[in-house]
>>> print(open('my_file15.csv').read())   # CSV, C-alpha atoms and all ligand atoms
chain,number,residue,atom,x,y,z
A,14,MET,CA,145.5,-42.8,143.4
A,15,GLY,CA,143.2,-45.4,144.9
A,16,ASP,CA,144.1,-49.0,145.5
A,17,GLY,CA,141.7,-50.9,143.2
A,18,ALA,CA,143.9,-53.2,141.1
A,19,ASP,CA,141.6,-53.0,138.1
A,20,GLY,CA,140.3,-49.6,138.0
A,21,PRO,CA,139.2,-46.6,139.9
A,22,ASP,CA,142.0,-44.0,140.0
A,23,GLY,CA,140.3,-40.8,141.2
A,24,ALA,CA,140.5,-39.6,144.8
A,25,ARG,CA,138.0,-40.6,147.4
A,26,VAL,CA,137.8,-37.7,149.8
A,27,ILE,CA,135.6,-36.6,152.6
A,28,LEU,CA,135.0,-32.9,153.4
A,29,LEU,CA,134.5,-32.6,157.1
A,30,GLY,CA,133.7,-29.4,159.1
A,31,PRO,CA,130.9,-27.4,160.6
A,32,PRO,CA,127.9,-26.0,158.6
A,33,GLY,CA,129.1,-22.7,157.0
A,34,ALA,CA,132.7,-23.7,156.7
A,35,GLY,CA,132.5,-23.6,152.9
A,36,LYS,CA,132.5,-27.4,152.2
A,37,GLY,CA,129.9,-27.1,149.5
A,38,THR,CA,131.8,-24.3,147.7
A,39,GLN,CA,135.1,-26.2,147.9
A,40,ALA,CA,133.4,-29.4,146.8
A,41,GLU,CA,132.1,-27.7,143.6
A,42,VAL,CA,135.5,-26.3,142.7
A,43,LEU,CA,137.6,-29.3,143.7
A,44,CYS,CA,135.4,-31.8,141.9
A,45,ARG,CA,136.3,-30.1,138.6
A,46,ARG,CA,140.0,-29.8,139.5
A,47,LEU,CA,140.3,-33.4,140.7
A,48,GLY,CA,138.0,-34.9,138.1
A,49,VAL,CA,135.8,-36.6,140.6
A,50,CYS,CA,132.1,-36.1,141.4
A,51,ALA,CA,130.9,-34.0,144.4
A,52,ILE,CA,128.2,-35.7,146.5
A,53,SER,CA,126.3,-33.5,148.9
A,54,THR,CA,123.9,-35.5,151.1
A,55,GLY,CA,122.3,-32.2,152.2
A,56,GLU,CA,121.7,-31.2,148.6
A,57,MET,CA,120.3,-34.7,147.8
A,58,LEU,CA,117.9,-34.4,150.7
A,59,ARG,CA,116.8,-30.8,149.8
A,60,GLU,CA,116.1,-32.1,146.3
A,61,ALA,CA,114.0,-34.9,147.7
A,62,VAL,CA,112.1,-32.4,149.9
A,63,ALA,CA,111.5,-30.1,146.9
A,64,ALA,CA,110.3,-33.1,144.8
A,65,GLY,CA,108.0,-34.3,147.6
A,66,SER,CA,109.3,-37.8,147.3
A,67,GLU,CA,108.7,-40.4,150.0
A,68,LEU,CA,112.3,-39.7,151.3
A,69,GLY,CA,111.6,-35.9,151.2
A,70,VAL,CA,108.4,-36.2,153.2
A,71,ARG,CA,110.2,-38.4,155.7
A,72,VAL,CA,113.2,-35.9,156.3
A,73,ARG,CA,111.5,-32.5,155.8
A,74,GLU,CA,110.8,-31.7,159.4
A,75,ILE,CA,114.0,-33.1,160.9
A,76,MET,CA,116.0,-31.0,158.4
A,77,ALA,CA,114.1,-27.9,159.2
A,78,SER,CA,114.9,-28.3,162.9
A,79,GLY,CA,118.6,-28.6,162.4
A,80,GLU,CA,118.8,-32.2,163.7
A,81,LEU,CA,120.3,-35.1,161.8
A,82,VAL,CA,118.4,-37.5,159.6
A,83,ASP,CA,118.7,-41.0,161.1
A,84,ASP,CA,121.7,-43.2,160.2
A,85,ALA,CA,119.7,-46.0,158.6
A,86,THR,CA,118.0,-43.6,156.1
A,87,MET,CA,121.4,-41.9,155.4
A,88,ALA,CA,123.0,-45.4,154.8
A,89,GLU,CA,120.4,-46.1,152.1
A,90,VAL,CA,120.9,-42.7,150.4
A,91,VAL,CA,124.7,-43.0,150.4
A,92,ARG,CA,124.8,-46.7,149.4
A,93,ASP,CA,122.6,-45.9,146.3
A,94,ARG,CA,124.5,-42.8,145.4
A,95,LEU,CA,128.0,-44.4,145.6
A,96,ALA,CA,126.8,-47.3,143.5
A,97,ARG,CA,126.2,-45.0,140.5
A,98,GLN,CA,128.6,-45.0,137.6
A,99,ASP,CA,129.9,-41.5,138.2
A,100,ALA,CA,131.1,-42.3,141.7
A,101,ARG,CA,133.2,-45.2,140.5
A,102,ASN,CA,136.2,-43.0,139.6
A,103,GLY,CA,136.3,-41.3,143.0
A,104,PHE,CA,134.2,-38.8,144.9
A,105,LEU,CA,134.2,-35.8,147.2
A,106,LEU,CA,131.7,-36.4,150.0
A,107,ASP,CA,130.3,-33.1,151.4
A,108,GLY,CA,128.1,-33.6,154.5
A,109,TYR,CA,128.6,-37.4,154.9
A,110,PRO,CA,129.5,-39.0,157.3
A,111,ARG,CA,128.2,-36.9,160.2
A,112,THR,CA,128.2,-39.6,162.9
A,113,LEU,CA,130.5,-42.4,164.0
A,114,PRO,CA,128.0,-45.1,162.8
A,115,GLN,CA,127.9,-43.3,159.4
A,116,ALA,CA,131.7,-43.5,159.2
A,117,GLU,CA,131.5,-47.2,159.9
A,118,THR,CA,128.8,-47.6,157.3
A,119,LEU,CA,131.0,-45.8,154.7
A,120,ALA,CA,134.0,-47.9,155.7
A,121,GLY,CA,131.8,-51.0,155.1
A,122,ILE,CA,130.6,-49.9,151.7
A,123,LEU,CA,134.1,-49.1,150.5
A,124,ARG,CA,135.5,-52.4,152.0
A,125,ASP,CA,132.9,-54.4,150.1
A,126,ALA,CA,133.9,-52.7,146.9
A,127,GLY,CA,137.6,-53.3,147.6
A,128,LEU,CA,138.2,-49.5,148.0
A,129,SER,CA,139.5,-47.2,150.6
A,130,LEU,CA,139.5,-43.5,151.5
A,131,ASP,CA,142.3,-41.3,150.4
A,132,ALA,CA,141.8,-38.3,152.7
A,133,VAL,CA,139.5,-36.5,155.1
A,134,LEU,CA,139.8,-32.7,154.8
A,135,LEU,CA,138.8,-30.9,157.9
A,136,VAL,CA,137.8,-27.3,157.0
A,137,GLU,CA,138.0,-25.1,160.1
A,138,VAL,CA,136.4,-21.7,160.6
A,139,PRO,CA,135.9,-19.8,163.9
A,140,GLU,CA,132.3,-20.0,165.2
A,141,ASP,CA,131.3,-16.3,164.8
A,142,GLU,CA,132.3,-16.4,161.2
A,143,LEU,CA,130.3,-19.7,160.7
A,144,VAL,CA,127.1,-18.0,162.1
A,145,ARG,CA,127.7,-14.9,159.9
A,146,ARG,CA,128.2,-16.9,156.8
A,147,THR,CA,125.3,-19.3,157.3
A,148,LEU,CA,122.9,-16.6,158.0
A,149,SER,CA,123.9,-14.8,154.9
A,150,ARG,CA,122.9,-17.8,152.7
A,151,GLY,CA,119.3,-17.3,153.7
A,152,ARG,CA,118.1,-20.9,153.3
A,153,ALA,CA,115.1,-22.2,155.1
A,154,ASP,CA,117.2,-24.2,157.5
A,155,ASP,CA,119.6,-21.2,158.0
A,156,LYS,CA,117.5,-19.2,160.6
A,157,GLU,CA,119.7,-18.2,163.6
A,158,GLY,CA,118.2,-20.6,166.1
A,159,VAL,CA,118.5,-23.5,163.6
A,160,VAL,CA,122.0,-22.4,162.8
A,161,ARG,CA,123.0,-22.6,166.4
A,162,GLU,CA,121.3,-26.0,166.7
A,163,ARG,CA,123.2,-27.3,163.7
A,164,LEU,CA,126.5,-26.1,165.3
A,165,ARG,CA,125.6,-27.9,168.5
A,166,VAL,CA,124.7,-31.1,166.7
A,167,TYR,CA,128.0,-30.8,164.8
A,168,ARG,CA,130.0,-30.5,168.0
A,169,GLU,CA,128.1,-33.4,169.7
A,170,LYS,CA,127.7,-35.9,166.8
A,171,THR,CA,130.1,-35.0,164.0
A,172,ALA,CA,133.2,-33.6,165.8
A,173,PRO,CA,134.1,-37.1,167.1
A,174,LEU,CA,134.9,-38.0,163.5
A,175,ILE,CA,138.0,-35.7,163.7
A,176,GLY,CA,139.7,-38.1,166.2
A,177,TYR,CA,138.3,-41.1,164.3
A,178,TYR,CA,140.0,-40.2,161.1
A,179,ARG,CA,143.1,-38.7,162.7
A,180,GLU,CA,143.7,-42.1,164.3
A,181,ARG,CA,143.5,-43.6,160.8
A,182,GLY,CA,146.0,-41.3,159.4
A,183,LEU,CA,143.6,-39.7,157.0
A,184,LEU,CA,143.0,-36.2,158.5
A,185,HIS,CA,144.3,-33.1,156.9
A,186,GLU,CA,143.5,-29.7,158.5
A,187,ILE,CA,142.5,-26.9,156.1
A,188,ASP,CA,142.2,-23.2,157.3
A,189,GLY,CA,138.7,-22.3,155.9
A,190,ASN,CA,138.8,-18.7,157.2
A,191,ARG,CA,140.3,-17.4,154.0
A,192,PRO,CA,139.2,-16.5,150.5
A,193,VAL,CA,137.8,-19.4,148.6
A,194,GLU,CA,140.7,-19.6,146.1
A,195,GLU,CA,143.3,-19.8,148.8
A,196,VAL,CA,141.5,-22.7,150.5
A,197,THR,CA,141.3,-24.5,147.2
A,198,ALA,CA,145.0,-23.8,146.6
A,199,GLN,CA,145.9,-25.4,149.9
A,200,VAL,CA,144.0,-28.5,149.1
A,201,LEU,CA,145.4,-28.8,145.6
A,202,ASP,CA,148.9,-28.3,147.1
A,203,LEU,CA,148.3,-31.2,149.4
A,204,PHE,CA,147.4,-33.5,146.5
A,205,ARG,CA,150.4,-32.3,144.5
A,206,ALA,CA,152.8,-32.6,147.3
A,207,GLY,CA,151.8,-36.3,147.5
A,208,GLY,CA,150.4,-35.9,151.0
A,209,ILE,CA,147.3,-37.5,149.6
A,210,HIS,CA,147.3,-40.3,147.1
A,301,LIG,P1,123.9,-29.8,154.8
A,301,LIG,O1,123.5,-29.0,153.6
A,301,LIG,O2,125.0,-30.8,154.6
A,301,LIG,O3,124.2,-28.9,156.0
A,301,LIG,O4,122.7,-30.7,155.3
A,301,LIG,C1,121.4,-30.1,155.5
A,301,LIG,C2,120.6,-31.0,156.5
A,301,LIG,O5,120.4,-32.2,155.9
A,301,LIG,C3,121.3,-31.3,157.8
A,301,LIG,O6,121.1,-30.3,158.8
A,301,LIG,C4,120.6,-32.6,158.2
A,301,LIG,O7,119.3,-32.4,158.7
A,301,LIG,C5,120.5,-33.3,156.8
A,301,LIG,N1,121.7,-34.1,156.5
A,301,LIG,C6,122.6,-33.9,155.5
A,301,LIG,N2,123.5,-34.9,155.5
A,301,LIG,C7,123.3,-35.7,156.6
A,301,LIG,C8,123.9,-36.8,157.2
A,301,LIG,N3,125.0,-37.3,156.7
A,301,LIG,N4,123.4,-37.3,158.3
A,301,LIG,C9,122.2,-36.8,158.8
A,301,LIG,N5,121.6,-35.8,158.3
A,301,LIG,C10,122.1,-35.2,157.2
>>> encode(input="my_file15.csv", output="C-alpha cells", more="lines below")
Ligand code: AMP
Amino acid sequence: MGDGADGPDGARVILLGPPGAGKGTQAEVLCRRLGVCAISTGEMLREAVAAGSELGVRVREIMASGELVDDATMAEVVRDRLARQDARNGFLLDGYPRTLPQAETLAGILRDAGLSLDAVLLVEVPEDELVRRTLSRGRADDKEGVVRERLRVYREKTAPLIGYYRERGLLHEIDGNRPVEEVTAQVLDLFRAGGIH
C-alpha cells in the first residue's frame, strides 16, 4: 500500500458521510484492523474545548451551533496532526475534509510529503435514521435543531466532496444502514479484494 518509495505502507483513507453515519465507530474498529491511526477532527476539537485551550475557546460556539470551523483553522489542526509520528504509517481520517478547500489542503499536505490517498469511503445512511442515531448519542452538539443544521451543512458544504473524489477514482460506497460488524466486513473485503491498495 502507499506509494512512498522509502517507507509508509499503511493505508491512507478518508471516511466521508453525514453526521450519525457511524464514521467514528468504524474508524475505531478499522484502525485496529488496518494498523493505522484514526484521526477525528471533531474529537480533537472537543478535547480542545474541554481543555479550554486557545483553539478550544475559538471553536466552542461555532461547534455548538452545528456550523463548520473555518478552513484555515482546520488546515492548521490537520497539518500538525498529520506531521506526528503515528500518522506516518497511514491514517483513517474521520470528519476531515468537510469542504472542497479542505480537500485541496489535504491534497497539498500529502503531495508535499510525496504521498497520496488510497481511498475515500462514503458511509451512507437514510436521513431519518441519521437523526435518530445522532439524538441517541446525547452530546451537547446533538440537540435536534443542531442535528438538522449539521445535516444541512453536510449537504451544502461536504456532499460536493463525493463528486470530487469520485472523479479522482477514490470513492467507495459503503451501506452504513446495517449492524456495525457488517459495515466493517464490507470495508475489510474491499481492502482484501484489492479494490483499495
Ligand atoms: P464531528 O464529531 O466530526 O461531527 O465534528 C463535530 C463538530 O466539529 C462539527 O460540527 C464542526 O463544528 C467541527 N468540525 C469537525 N471537523 C471539522 C472540519 N473538518 N471542518 C470544520 N469543522 C469541523
>>> closest_residue(input="my_file15.csv", among="A:Gly33, A:His185, A:Gln115, A:Glu180", to="A:Phe204", atoms="only C-alpha atoms")
A:His185
>>> residues_near_ligand(input="my_file15.csv", ligand="ligand LIG 301 (chain A)", cutoff="8 Å", atoms="all atoms listed in the file", output="CSV table (one decimal) with C-alpha atoms, in the frame of the given file")
chain,number,residue,atom,x,y,z
A,32,PRO,CA,127.9,-26.0,158.6
A,33,GLY,CA,129.1,-22.7,157.0
A,37,GLY,CA,129.9,-27.1,149.5
A,53,SER,CA,126.3,-33.5,148.9
A,54,THR,CA,123.9,-35.5,151.1
A,55,GLY,CA,122.3,-32.2,152.2
A,56,GLU,CA,121.7,-31.2,148.6
A,58,LEU,CA,117.9,-34.4,150.7
A,59,ARG,CA,116.8,-30.8,149.8
A,72,VAL,CA,113.2,-35.9,156.3
A,75,ILE,CA,114.0,-33.1,160.9
A,76,MET,CA,116.0,-31.0,158.4
A,77,ALA,CA,114.1,-27.9,159.2
A,78,SER,CA,114.9,-28.3,162.9
A,79,GLY,CA,118.6,-28.6,162.4
A,80,GLU,CA,118.8,-32.2,163.7
A,81,LEU,CA,120.3,-35.1,161.8
A,82,VAL,CA,118.4,-37.5,159.6
A,83,ASP,CA,118.7,-41.0,161.1
A,84,ASP,CA,121.7,-43.2,160.2
A,87,MET,CA,121.4,-41.9,155.4
A,107,ASP,CA,130.3,-33.1,151.4
A,108,GLY,CA,128.1,-33.6,154.5
A,109,TYR,CA,128.6,-37.4,154.9
A,110,PRO,CA,129.5,-39.0,157.3
A,111,ARG,CA,128.2,-36.9,160.2
A,112,THR,CA,128.2,-39.6,162.9
A,115,GLN,CA,127.9,-43.3,159.4
A,154,ASP,CA,117.2,-24.2,157.5
A,163,ARG,CA,123.2,-27.3,163.7
>>> atom_distance(input="my_file15.csv", atom1="atom CA of A:Gln39", atom2="atom CA of A:Thr197")
6.5 Å
>>> atom_distance(input="my_file15.csv", atom1="atom CA of A:Asp155", atom2="atom CA of A:Ser66")
22.3 Å
>>> atom_distance(input="my_file15.csv", atom1="atom CA of A:Pro114", atom2="atom CA of A:Ala88")
9.4 Å
>>> closest_residue(input="my_file15.csv", among="A:Gly65, A:Gly127, A:Gly23, A:Gly30", to="A:Asn102", atoms="only C-alpha atoms")
A:Gly23
>>> closest_residue(input="my_file15.csv", among="A:Arg45, A:Arg25, A:Arg73, A:Arg191", to="A:Val138", atoms="only C-alpha atoms")
A:Arg191
>>> closest_residue(input="my_file15.csv", among="A:Val42, A:Ala61, A:Ala96, A:Val133", to="A:Ala198", atoms="all atoms listed in the file")
A:Val42
>>> closest_residue(input="my_file15.csv", among="A:Ala100, A:Val70, A:Val90, A:Leu28", to="A:Gly48", atoms="all atoms listed in the file")
A:Ala100
>>> closest_residue(input="my_file15.csv", among="A:Val136, A:Leu68, A:Leu174, A:Met57", to="A:Val193", atoms="only C-alpha atoms")
A:Val136
>>> residues_around(input="my_file15.csv", residues="A:Ala40", least_positions_apart="4", cutoff="10 Å", atoms="all atoms listed in the file", output="NGL selection string")
:A and (26-28 or 35-36 or 44-46 or 49-53 or 104-107 or 197)
>>> decode(input="my_file15.csv", residues="stretch 73-101 of chain A", atoms="N, CA, C and O atoms", output="compact mmCIF listing (two decimals), in the first residue's frame")
# COMPACT_ATOMS: atom_id res chain seq x y z
N ARG A 73 -15.49 26.88 20.19
CA ARG A 73 -16.57 26.37 21.04
C ARG A 73 -17.96 26.73 20.52
O ARG A 73 -18.82 25.86 20.32
N GLU A 74 -18.18 27.99 20.26
CA GLU A 74 -19.52 28.43 19.87
C GLU A 74 -19.92 27.92 18.51
O GLU A 74 -21.06 27.52 18.28
N ILE A 75 -18.99 27.97 17.59
CA ILE A 75 -19.30 27.53 16.22
C ILE A 75 -19.66 26.04 16.22
O ILE A 75 -20.59 25.60 15.54
N MET A 76 -18.95 25.25 17.05
CA MET A 76 -19.28 23.82 17.14
C MET A 76 -20.66 23.62 17.73
O MET A 76 -21.44 22.80 17.24
N ALA A 77 -20.97 24.38 18.76
CA ALA A 77 -22.27 24.23 19.42
C ALA A 77 -23.42 24.58 18.49
O ALA A 77 -24.53 24.09 18.65
N SER A 78 -23.14 25.40 17.48
CA SER A 78 -24.21 25.82 16.56
C SER A 78 -24.42 24.83 15.42
O SER A 78 -25.39 24.94 14.68
N GLY A 79 -23.48 23.91 15.24
CA GLY A 79 -23.61 22.95 14.14
C GLY A 79 -22.96 23.41 12.86
O GLY A 79 -22.99 22.71 11.85
N GLU A 80 -22.34 24.60 12.90
CA GLU A 80 -21.64 25.11 11.71
C GLU A 80 -20.22 24.54 11.68
O GLU A 80 -19.76 23.94 12.65
N LEU A 81 -19.53 24.81 10.59
CA LEU A 81 -18.17 24.33 10.45
C LEU A 81 -17.16 25.36 10.95
O LEU A 81 -17.34 26.56 10.77
N VAL A 82 -16.11 24.86 11.54
CA VAL A 82 -14.96 25.69 11.89
C VAL A 82 -14.29 26.10 10.58
O VAL A 82 -14.33 25.35 9.60
N ASP A 83 -13.71 27.29 10.53
CA ASP A 83 -13.16 27.80 9.27
C ASP A 83 -12.01 26.94 8.74
O ASP A 83 -11.29 26.29 9.49
N ASP A 84 -11.86 26.98 7.43
CA ASP A 84 -10.89 26.12 6.75
C ASP A 84 -9.45 26.38 7.18
O ASP A 84 -8.64 25.46 7.28
N ALA A 85 -9.12 27.65 7.45
CA ALA A 85 -7.73 27.98 7.83
C ALA A 85 -7.38 27.35 9.18
O ALA A 85 -6.30 26.78 9.35
N THR A 86 -8.31 27.44 10.13
CA THR A 86 -8.08 26.82 11.44
C THR A 86 -7.94 25.31 11.28
O THR A 86 -7.03 24.69 11.85
N MET A 87 -8.83 24.72 10.48
CA MET A 87 -8.77 23.27 10.30
C MET A 87 -7.48 22.84 9.60
O MET A 87 -6.93 21.77 9.88
N ALA A 88 -6.99 23.67 8.68
CA ALA A 88 -5.74 23.34 7.98
C ALA A 88 -4.60 23.22 8.98
O ALA A 88 -3.79 22.30 8.93
N GLU A 89 -4.56 24.17 9.94
CA GLU A 89 -3.53 24.13 10.98
C GLU A 89 -3.63 22.85 11.81
O GLU A 89 -2.63 22.18 12.07
N VAL A 90 -4.86 22.55 12.24
CA VAL A 90 -5.09 21.37 13.09
C VAL A 90 -4.63 20.10 12.36
O VAL A 90 -3.91 19.27 12.93
N VAL A 91 -5.03 19.97 11.12
CA VAL A 91 -4.73 18.73 10.37
C VAL A 91 -3.26 18.64 9.98
O VAL A 91 -2.65 17.57 10.06
N ARG A 92 -2.67 19.77 9.60
CA ARG A 92 -1.25 19.76 9.23
C ARG A 92 -0.40 19.28 10.42
O ARG A 92 0.45 18.42 10.26
N ASP A 93 -0.69 19.83 11.60
CA ASP A 93 0.06 19.43 12.81
C ASP A 93 -0.16 17.95 13.13
O ASP A 93 0.78 17.23 13.46
N ARG A 94 -1.41 17.54 13.01
CA ARG A 94 -1.73 16.15 13.39
C ARG A 94 -1.07 15.14 12.45
O ARG A 94 -0.55 14.11 12.87
N LEU A 95 -1.11 15.44 11.16
CA LEU A 95 -0.54 14.50 10.18
C LEU A 95 0.98 14.47 10.24
O LEU A 95 1.61 13.52 9.76
N ALA A 96 1.58 15.51 10.84
CA ALA A 96 3.04 15.54 10.95
C ALA A 96 3.54 14.65 12.08
O ALA A 96 4.73 14.37 12.18
N ARG A 97 2.62 14.21 12.94
CA ARG A 97 3.06 13.39 14.08
C ARG A 97 3.43 11.98 13.64
O ARG A 97 2.92 11.45 12.65
N GLN A 98 4.35 11.42 14.42
CA GLN A 98 4.94 10.12 14.07
C GLN A 98 3.90 9.04 13.76
O GLN A 98 4.04 8.29 12.78
N ASP A 99 2.84 8.96 14.56
CA ASP A 99 1.90 7.84 14.39
C ASP A 99 1.08 7.94 13.10
O ASP A 99 0.43 6.98 12.70
N ALA A 100 1.13 9.09 12.43
CA ALA A 100 0.37 9.23 11.18
C ALA A 100 1.22 8.88 9.96
O ALA A 100 0.71 8.80 8.85
N ARG A 101 2.52 8.64 10.19
CA ARG A 101 3.42 8.39 9.07
C ARG A 101 3.09 7.10 8.35
O ARG A 101 3.29 6.95 7.16
